[in-house]
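Heads up, upload-v3.txt below (compact mmCIF, C-alpha atoms and all ligand atoms):
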```
# COMPACT_ATOMS: atom_id res chain seq x y z
CA MET K 9 25.07 12.57 7.46
CA GLU K 10 24.14 12.36 3.85
CA ARG K 11 26.34 9.92 1.98
CA TRP K 12 27.43 10.38 -1.57
CA LYS K 13 26.64 6.99 -2.86
CA GLN K 14 24.90 6.71 -6.13
CA PRO K 15 21.51 5.02 -6.08
CA ARG K 16 22.69 3.39 -9.25
CA ASP K 17 20.51 0.56 -10.21
CA VAL K 18 21.98 -1.50 -12.98
CA LEU K 19 18.88 -3.64 -13.02
CA ASP K 20 17.43 -1.88 -16.02
CA PHE K 21 20.50 -1.32 -18.07
CA ARG K 22 19.75 -4.47 -19.97
CA ALA K 23 17.08 -4.25 -22.66
CA ASP K 24 15.17 -3.62 -20.91
CA GLY K 25 -30.75 -25.06 8.42
CA GLY K 26 -33.62 -23.67 9.91
CA ILE K 27 -34.37 -20.03 10.09
CA GLY K 28 -31.30 -18.05 10.81
CA PHE K 29 -29.62 -14.73 10.34
CA PHE K 30 -25.91 -14.69 10.13
CA LEU K 31 -23.10 -12.20 10.36
CA ILE K 32 -20.05 -12.69 8.18
CA PRO K 33 -16.73 -11.20 9.24
CA SER K 34 -16.48 -7.76 7.75
CA THR K 35 -14.17 -7.33 4.81
CA HIS K 36 -12.07 -4.34 4.07
CA MET K 37 -11.84 -3.90 0.36
CA LYS K 38 -9.89 -0.72 0.45
CA PRO K 39 -6.86 0.49 2.33
CA CYS K 40 -7.69 1.53 5.85
CA LEU K 41 -7.03 5.23 5.90
CA LEU K 42 -7.88 5.81 9.50
CA LEU K 43 -7.02 9.40 10.15
CA GLY K 44 -5.74 12.38 8.30
CA LEU K 45 -3.09 14.51 9.90
CA GLY K 46 -1.84 17.73 8.47
CA VAL K 47 1.88 17.41 7.89
CA SER K 48 4.03 19.45 5.59
CA LEU K 49 7.00 18.60 3.41
CA PHE K 50 9.26 15.79 4.52
CA PRO K 51 9.53 16.59 8.21
CA SER K 52 13.02 16.41 9.56
CA ALA K 53 12.96 14.15 12.58
CA LEU K 54 16.62 13.96 13.42
CA LEU K 55 16.04 12.60 16.91
CA ALA K 56 13.34 10.09 16.05
CA ASP K 57 14.12 6.49 15.25
CA LEU K 58 13.60 5.39 11.69
CA PHE K 59 11.33 2.40 11.06
CA VAL K 60 11.52 0.66 7.70
CA SER K 61 10.03 -2.28 5.85
CA ASN K 62 12.58 -5.07 6.14
CA PHE K 63 11.90 -7.86 3.69
CA THR K 64 13.47 -11.19 4.51
CA ALA K 65 11.96 -13.52 1.90
CA ILE K 66 10.82 -13.38 -1.71
CA ASN K 67 7.76 -15.57 -2.10
CA GLY K 68 7.86 -16.78 -5.68
CA THR K 69 7.12 -14.16 -8.31
CA ALA K 70 4.01 -12.80 -6.58
CA GLY K 71 5.26 -11.26 -3.36
CA ALA K 72 7.62 -10.90 -0.45
CA SER K 73 7.48 -10.94 3.33
CA GLY K 74 9.39 -9.62 6.29
CA VAL K 75 9.06 -7.50 9.41
CA TRP K 76 9.23 -3.89 10.49
CA ARG K 77 12.71 -2.88 11.51
CA ASN K 78 13.96 -0.13 13.76
CA GLN K 79 16.74 0.96 11.43
CA THR K 80 18.25 3.31 14.02
CA THR K 81 18.80 0.61 16.63
CA GLY K 82 19.17 -2.26 14.16
CA THR K 83 16.31 -4.16 15.80
CA ASN K 84 13.68 -6.19 14.01
CA LEU K 85 10.14 -5.81 15.39
CA ALA K 86 7.66 -8.66 15.79
CA ILE K 87 5.32 -6.98 13.32
CA PRO K 88 5.08 -8.64 9.91
CA VAL K 89 5.20 -6.80 6.60
CA SER K 90 3.92 -8.48 3.49
CA LEU K 91 3.89 -7.56 -0.16
CA GLY K 92 1.61 -8.98 -2.81
CA GLN K 93 1.23 -8.04 -6.45
CA THR K 94 -0.75 -9.07 -9.49
CA GLY K 95 0.06 -8.27 -13.11
CA GLY K 96 3.84 -8.15 -12.74
CA THR K 97 6.75 -10.28 -11.57
CA VAL K 98 8.80 -10.02 -8.39
CA LYS K 99 12.37 -10.83 -9.36
CA PRO K 100 14.32 -13.39 -7.30
CA VAL K 101 17.29 -12.41 -5.16
CA ASP K 102 19.56 -14.65 -7.22
CA HIS K 103 18.67 -13.19 -10.60
CA PRO K 104 22.00 -12.63 -12.39
CA THR K 105 21.30 -9.08 -13.56
CA GLN K 106 17.95 -7.93 -12.15
CA PRO K 107 17.75 -9.19 -8.58
CA SER K 108 15.54 -8.05 -5.75
CA ARG K 109 17.59 -7.09 -2.74
CA ILE K 110 16.48 -8.10 0.75
CA ASP K 111 19.88 -7.94 2.44
CA ASP K 112 19.49 -4.28 3.48
CA SER K 113 22.25 -3.24 1.08
CA PHE K 114 20.55 -0.91 -1.37
CA PRO K 115 21.74 2.68 -0.81
CA TRP K 116 18.71 4.94 -0.78
CA SER K 117 21.11 7.87 -0.80
CA ASP K 118 21.17 11.35 -2.23
CA VAL K 119 23.23 12.33 -5.27
CA PRO K 120 23.51 15.55 -7.26
CA PRO K 121 21.63 17.39 -8.58
CA PHE K 122 19.00 16.43 -6.04
CA PHE K 123 21.24 16.52 -3.01
CA PRO K 124 20.03 16.59 -0.28
CA ASN K 125 16.52 15.59 -1.14
CA LEU K 126 16.57 12.79 -3.66
CA PHE K 127 15.42 10.23 -1.12
CA GLU K 128 13.91 10.89 2.25
CA PRO K 129 14.93 9.22 4.43
CA ASN K 130 18.42 8.07 3.46
CA PHE K 131 19.35 4.59 4.56
CA ASP K 132 20.60 1.25 3.27
CA GLY K 133 17.54 -0.90 2.78
CA ASP K 134 15.84 -3.38 0.54
CA PHE K 135 14.91 -3.10 -3.12
CA ILE K 136 11.93 -5.25 -4.06
CA ASN K 137 12.32 -5.41 -7.82
CA ILE K 138 9.02 -5.67 -9.68
CA GLU K 139 8.88 -6.08 -13.43
CA VAL K 140 5.97 -5.09 -15.68
CA ILE K 141 5.78 -5.74 -19.42
CA GLY K 142 5.01 -2.82 -21.76
CA GLY K 143 1.28 -2.06 -21.93
CA GLN K 144 0.54 -3.91 -18.72
CA THR K 145 -0.26 -2.82 -15.18
CA ALA K 146 0.61 -4.40 -11.86
CA THR K 147 -1.30 -3.74 -8.65
CA VAL K 148 0.98 -3.77 -5.62
CA THR K 149 -0.30 -4.11 -2.05
CA LEU K 150 1.87 -3.66 1.03
CA ASN K 151 0.24 -4.89 4.24
CA PHE K 152 1.70 -3.27 7.35
CA ASN K 153 -0.09 -5.30 10.06
CA ALA K 154 0.14 -2.12 12.09
CA GLN K 155 -0.90 1.50 11.98
CA ILE K 156 1.84 3.46 10.25
CA THR K 157 1.83 7.23 10.72
CA ASN K 158 2.95 9.48 7.87
CA PRO K 159 4.76 6.79 5.88
CA SER K 160 7.01 7.56 2.94
CA ILE K 161 7.72 5.21 0.05
CA SER K 162 10.92 5.54 -1.94
CA PHE K 163 11.17 4.43 -5.56
CA SER K 164 14.14 3.85 -7.82
CA ASP K 165 14.51 3.16 -11.53
CA VAL K 166 11.04 4.26 -12.69
CA ASP K 167 10.84 4.47 -16.49
CA VAL K 168 9.67 7.75 -18.01
CA ASP K 169 6.75 5.80 -19.52
CA THR K 170 5.64 4.46 -16.15
CA ASP K 171 2.84 5.84 -13.96
CA LEU K 172 2.50 5.02 -10.28
CA THR K 173 -1.04 5.67 -9.03
CA PHE K 174 -2.26 5.64 -5.44
CA PRO K 175 -5.93 5.42 -4.36
CA PRO K 176 -7.83 8.72 -4.05
CA THR K 177 -8.20 8.14 -0.30
CA PHE K 178 -4.42 8.44 0.12
CA THR K 179 -3.13 11.88 1.07
CA ILE K 180 0.19 12.71 -0.61
CA THR K 181 1.90 15.82 0.74
CA ALA K 182 5.22 15.82 -1.14
CA GLN K 183 7.48 14.06 -3.57
CA SER K 184 11.23 14.37 -4.08
CA GLY K 185 13.88 13.72 -6.71
CA ASN K 186 12.74 13.80 -10.32
CA LEU K 187 9.23 12.59 -9.56
CA ALA K 188 6.26 14.77 -10.47
CA ARG K 189 2.72 14.32 -9.22
CA ASN K 190 -0.63 14.87 -10.88
CA GLY K 191 -3.31 14.17 -8.31
CA ASN K 192 -2.37 10.80 -6.87
CA THR K 193 -0.41 9.71 -9.94
CA VAL K 194 3.38 10.01 -9.80
CA ALA K 195 5.70 9.80 -12.82
CA PRO K 196 9.26 10.84 -13.68
CA THR K 197 9.77 14.40 -14.92
CA GLY K 198 12.47 13.31 -17.35
CA ALA K 199 15.15 15.31 -15.52
CA SER K 200 18.49 13.50 -15.28
CA VAL K 201 19.91 11.99 -12.15
CA ILE K 202 23.52 10.89 -11.95
CA GLY K 203 23.78 7.18 -12.55
CA LEU K 204 20.20 6.71 -13.64
CA GLY K 205 19.64 9.08 -16.54
CA THR K 206 16.05 10.20 -16.85
CA ARG K 207 14.62 7.35 -14.87
CA GLY K 208 12.58 8.35 -11.87
CA VAL K 209 14.02 8.21 -8.37
CA GLY K 210 12.59 9.79 -5.25
CA SER K 211 10.30 9.49 -2.28
CA ILE K 212 6.59 10.13 -1.79
CA GLN K 213 5.34 11.40 1.57
CA PHE K 214 1.87 10.51 2.82
CA SER K 215 0.05 12.10 5.73
CA GLY K 216 -2.28 10.13 7.94
CA ILE K 217 -2.30 6.67 9.41
CA TYR K 218 -2.20 3.71 7.07
CA SER K 219 -2.41 -0.03 7.59
CA GLN K 220 -1.76 -0.68 3.92
CA ILE K 221 -0.27 1.01 0.87
CA VAL K 222 -1.67 0.15 -2.53
CA PHE K 223 -0.54 1.44 -5.91
CA THR K 224 -0.73 0.53 -9.56
CA PHE K 225 2.44 0.34 -11.65
CA ALA K 226 1.51 0.94 -15.29
CA TYR K 227 4.29 0.77 -17.89
CA GLY K 228 3.34 2.34 -21.21
CA GLY K 229 6.31 1.02 -23.20
CA LEU K 230 6.28 -1.45 -26.06
CA PRO K 231 5.17 -5.01 -25.28
CA THR K 232 8.70 -6.13 -26.15
CA ASN K 233 10.09 -4.01 -23.33
CA ALA K 234 9.70 -4.16 -19.58
CA ASP K 235 10.19 -1.73 -16.74
CA ARG K 236 11.52 -2.73 -13.36
CA ILE K 237 11.22 -0.59 -10.26
CA GLY K 238 12.29 -1.00 -6.67
CA PHE K 239 10.86 0.48 -3.51
CA VAL K 240 10.95 0.58 0.27
CA VAL K 241 8.70 2.10 2.98
CA ALA K 242 9.78 4.14 6.02
CA THR K 243 8.33 6.18 8.89
CA THR K 244 9.70 8.01 11.91
CA THR K 245 6.75 7.05 14.14
CA PRO K 246 6.81 3.64 15.83
CA PRO K 247 4.35 1.23 14.19
CA GLY K 248 1.18 1.18 16.27
CA ALA K 249 -0.99 -1.76 17.14
CA ALA K 250 -3.52 -2.49 14.45
CA PRO K 251 -7.05 -1.76 15.64
CA PRO K 252 -9.47 -4.66 15.94
CA PRO K 253 -11.63 -4.92 12.83
CA ALA K 254 -15.00 -3.23 13.02
CA VAL K 255 -17.98 -5.54 13.26
CA VAL K 256 -21.67 -5.39 12.48
CA ASN K 257 -23.89 -6.21 15.47
CA LEU K 258 -27.13 -8.11 14.94
CA GLN K 259 -30.14 -8.30 17.23
CA LEU K 260 -33.57 -9.88 16.78
CA ASN K 261 -36.58 -8.09 18.15
CA GLY K 262 -39.80 -9.84 17.26
CA ASP K 263 -40.07 -9.76 13.49
CA GLN K 264 -37.32 -7.17 13.21
CA VAL K 265 -33.68 -7.87 12.35
CA MET K 266 -31.70 -4.96 13.74
CA LEU K 267 -28.14 -4.19 12.59
CA SER K 268 -25.76 -1.61 14.01
CA TRP K 269 -22.13 -0.71 13.33
CA PRO K 270 -19.57 1.94 14.32
CA SER K 271 -19.93 5.29 12.60
CA GLY K 272 -17.89 5.45 9.41
CA ALA K 273 -16.63 1.86 9.71
CA PHE K 274 -18.19 0.68 6.47
CA SER K 275 -19.24 2.10 3.17
CA GLU K 276 -21.80 -0.64 2.55
CA ILE K 277 -23.77 -3.15 4.56
CA GLN K 278 -24.39 -6.10 2.29
CA SER K 279 -26.74 -9.03 2.58
CA SER K 280 -27.20 -12.32 0.80
CA ALA K 281 -29.44 -15.37 0.99
CA ASP K 282 -26.40 -17.63 0.57
CA LEU K 283 -22.60 -17.49 0.74
CA SER K 284 -21.90 -17.48 -2.97
CA PRO K 285 -19.60 -14.50 -3.70
CA ALA K 286 -21.85 -13.23 -6.47
CA SER K 287 -24.94 -13.07 -4.26
CA TRP K 288 -23.89 -10.25 -1.94
CA GLN K 289 -25.67 -6.98 -2.53
CA ALA K 290 -25.70 -3.68 -0.70
CA ILE K 291 -28.88 -3.12 1.28
CA PRO K 292 -30.91 -0.82 -0.99
CA GLY K 293 -31.33 2.76 0.13
CA LEU K 294 -28.87 2.44 3.02
CA ASP K 295 -25.97 4.91 3.23
CA ALA K 296 -23.80 2.86 5.56
CA ALA K 297 -21.08 5.52 5.67
CA SER K 298 -23.33 8.09 7.33
CA GLN K 299 -25.84 5.86 9.14
CA THR K 300 -25.10 3.49 12.00
CA SER K 301 -28.14 1.20 12.10
CA TRP K 302 -30.71 -0.54 9.96
CA SER K 303 -33.63 -2.87 10.51
CA GLY K 304 -35.74 -5.10 8.32
CA SER K 305 -38.48 -7.64 8.80
CA LYS K 306 -37.79 -11.34 8.80
CA ALA K 307 -40.89 -11.83 6.68
CA THR K 308 -39.33 -9.70 3.95
CA LEU K 309 -35.80 -11.03 4.28
CA GLY K 310 -36.79 -14.67 3.88
CA PRO K 311 -35.93 -17.78 5.85
CA ARG K 312 -32.16 -17.27 5.82
CA ARG K 313 -30.07 -14.13 5.39
CA PHE K 314 -26.40 -13.24 5.84
CA PHE K 315 -25.04 -9.75 6.54
CA ARG K 316 -21.60 -8.16 6.38
CA GLY K 317 -20.01 -4.73 6.47
CA VAL K 318 -17.70 -3.76 3.61
CA ARG K 319 -15.45 -0.88 2.75
CA VAL K 320 -15.11 -0.23 -0.94
CA PRO K 321 -13.15 2.53 -2.70
CA CA W 1 15.90 -6.97 4.40
CA CA W 2 17.63 12.89 1.67
CA CA W 3 13.16 0.65 -14.46
```
So, in terms of structure tokens, how does the structure I just supplied come out?
Ligand SMILES: [Ca+2]
Ligand SMILES: [Ca+2]
Ligand SMILES: [Ca+2]
Amino acid sequence: MERWKQPRDVLDFRADGGIGFFLIPSTHMKPCLLLGLGVSLFPSALLADLFVSNFTAINGTAGASGVWRNQTTGTNLAIPVSLGQTGGTVKPVDHPTQPSRIDDSFPWSDVPPFFPNLFEPNFDGDFINIEVIGGQTATVTLNFNAQITNPSISFSDVDVDTDLTFPPTFTITAQSGNLARNGNTVAPTGASVIGLGTRGVGSIQFSGIYSQIVFTFAYGGLPTNADRIGFVVATTTPPGAAPPPAVVNLQLNGDQVMLSWPSGAFSEIQSSADLSPASWQAIPGLDAASQTSWSGSKATLGPRRFFRGVRVP
């Protein structure tokens, strides 16, 4: 049943040794988009359980943490969810006028004129309230610690001067409410919603399997102003076990150092003579995304060399 609660968010109504070759654990520098599935507009899954991000703690101004929750059965899962951000401020739960909500009380519910598709899904959940000063941009990362199929993210209270941008590897299939999309950038249309005026409210549907959602929150207002937005993530597919991270294998064969890795696991294989972060460089001439092996001579590589696989946007 759709409920006629207003998603009214008063938060913004204020003014607003020796010779050796080493492998380093591979790093994933971009969200793991593992698989693309063709799915159309906001599928109605009336019989499926709803799984949502359930935050249980605000960790200073930089982030929040919690677990996945089966909203249908009211059961928390033993799968952590974490949120980190740079460039903005996560508001505390005890802020007198602009709190984050982690007590599952925020009504992500439809109101006219966007009934019945302002938010999808509709449920009482959390509202992680992130503030960005005019002219600044925050980068928000949600780590799922699981494979999440076809997630949606719902937003409330997005200023008309705010852009929300997702990486080009993310596949967005739909948006609801008064949100409009240009490529992977979402912004309010300016159409009015009861209780919120022209501020953006609605959900964004992704297709595919994601272990992470990343977006930038850029507020183009004056530096004396700030925008605050809240959001929550949901899916109707049970969170799947996260796959083990891909690794680069190393073998020595005479003078040859031989590397191999799973097809498509990395966009670059990097090497370095030491572990200083600035020293890593992609192996020249190697397209790691389409190739699965590489070899080089120890004589050329020098007395010590480290290797790692990396995914970059
Ligand atoms: Ca919660
Ligand atoms: Ca709805
Ligand atoms: Ca706002």
Let me see if you get this right: every residue at most 8 Å from ligand CA 2 (chain W), counting all atoms listed in the file, written as JSON, numbers by chain. {"K": [10, 117, 118, 123, 124, 125, 126, 127, 128, 129, 130]}
From the options K:Asp102, K:Glu276, K:Asp111, K:Glu139, which residue's atoms come nearest to ligand CA 1 (chain W), counting only C-alpha atoms and all ligand atoms?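 Checking each of K:Asp102, K:Glu276, K:Asp111, K:Glu139 against ligand CA 1 (chain W), counting only C-alpha atoms and all ligand atoms, the winner is K:Asp111.
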Quick one: distance from CA of Ile136 (chain K) to CA of Pro253 (chain K) in Å, one decimal?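 Atom-to-atom, CA of Ile136 (chain K) to CA of Pro253 (chain K), that is 29.0 Å.
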Which residues are near ligand CA 1 (chain W) in this structure, taking near to mean any atom at most 8 Å from a ligand atom and counting only C-alpha atoms and all ligand atoms? Format them as a VMD selection string. chain K and resid 61 to 64 74 109 to 112 133 to 134
Provide the CA of Gln144 (chain K) to CA of Val75 (chain K) distance in Å, to one decimal place.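 It comes out at 29.6 Å.
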Please give me, as a list in words, the residues lying within 7 Å of ligand CA 3 (chain W) when counting all atoms listed in the file.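 What falls inside 7 Å of ligand CA 3 (chain W) is Asp20, Asp165, Val166, Asp167, Arg207, Asp235, Arg236 and Ile237 of chain K.
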One decimal, Å: what's the distance from CA of Leu91 (chain K) over to CA of Pro247 (chain K), could you say? 16.8 Å
I'd like the contact shell of Ala154 (chain K) - 6 Å cut-off, only C-alpha atoms, skipping same-chain residues fewer than 4 positions apart - returned as a VMD selection string. chain K and resid 219 247 to 250
Residues proximal to (15.5, -6.6, -6.2) were defined as those with any atom within 7 Å of that point in the file's coordinates, counting only C-alpha atoms. Which are they, as a PDB file with C-alpha atoms, in the frame of the given file?
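Wrote selection.pdb, looks like this:
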```pdb
ATOM      1  CA  LYS K  99      12.370 -10.830  -9.360  1.00  0.00           C
ATOM      2  CA  PRO K 100      14.320 -13.390  -7.300  1.00  0.00           C
ATOM      3  CA  VAL K 101      17.290 -12.410  -5.160  1.00  0.00           C
ATOM      4  CA  GLN K 106      17.950  -7.930 -12.150  1.00  0.00           C
ATOM      5  CA  PRO K 107      17.750  -9.190  -8.580  1.00  0.00           C
ATOM      6  CA  SER K 108      15.540  -8.050  -5.750  1.00  0.00           C
ATOM      7  CA  ARG K 109      17.590  -7.090  -2.740  1.00  0.00           C
ATOM      8  CA  PHE K 135      14.910  -3.100  -3.120  1.00  0.00           C
ATOM      9  CA  ILE K 136      11.930  -5.250  -4.060  1.00  0.00           C
ATOM     10  CA  ASN K 137      12.320  -5.410  -7.820  1.00  0.00           C
ATOM     11  CA  GLY K 238      12.290  -1.000  -6.670  1.00  0.00           C
TER      12      GLY K 238
END
```
Which one of K:Val241, K:Ala296, K:Ile141, K:Leu309 sits closest to Ile156 (chain K) if you count all atoms listed in the file?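 Ranking K:Val241, K:Ala296, K:Ile141, K:Leu309 by distance to Ile156 (chain K), first place goes to K:Val241.
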So which residues touch region 168-171 of chain K within 6 Å, counting only C-alpha atoms, skipping near sequence neighbours fewer than 6 positions away, as number ranges by chain? K: 194-196, 207, 225-228
Under the rule that all atoms listed in the file are counted, which of K:Ser184, K:Asn153, K:Pro292, K:Ser305 is the nearest residue to Leu260 (chain K)? K:Ser305
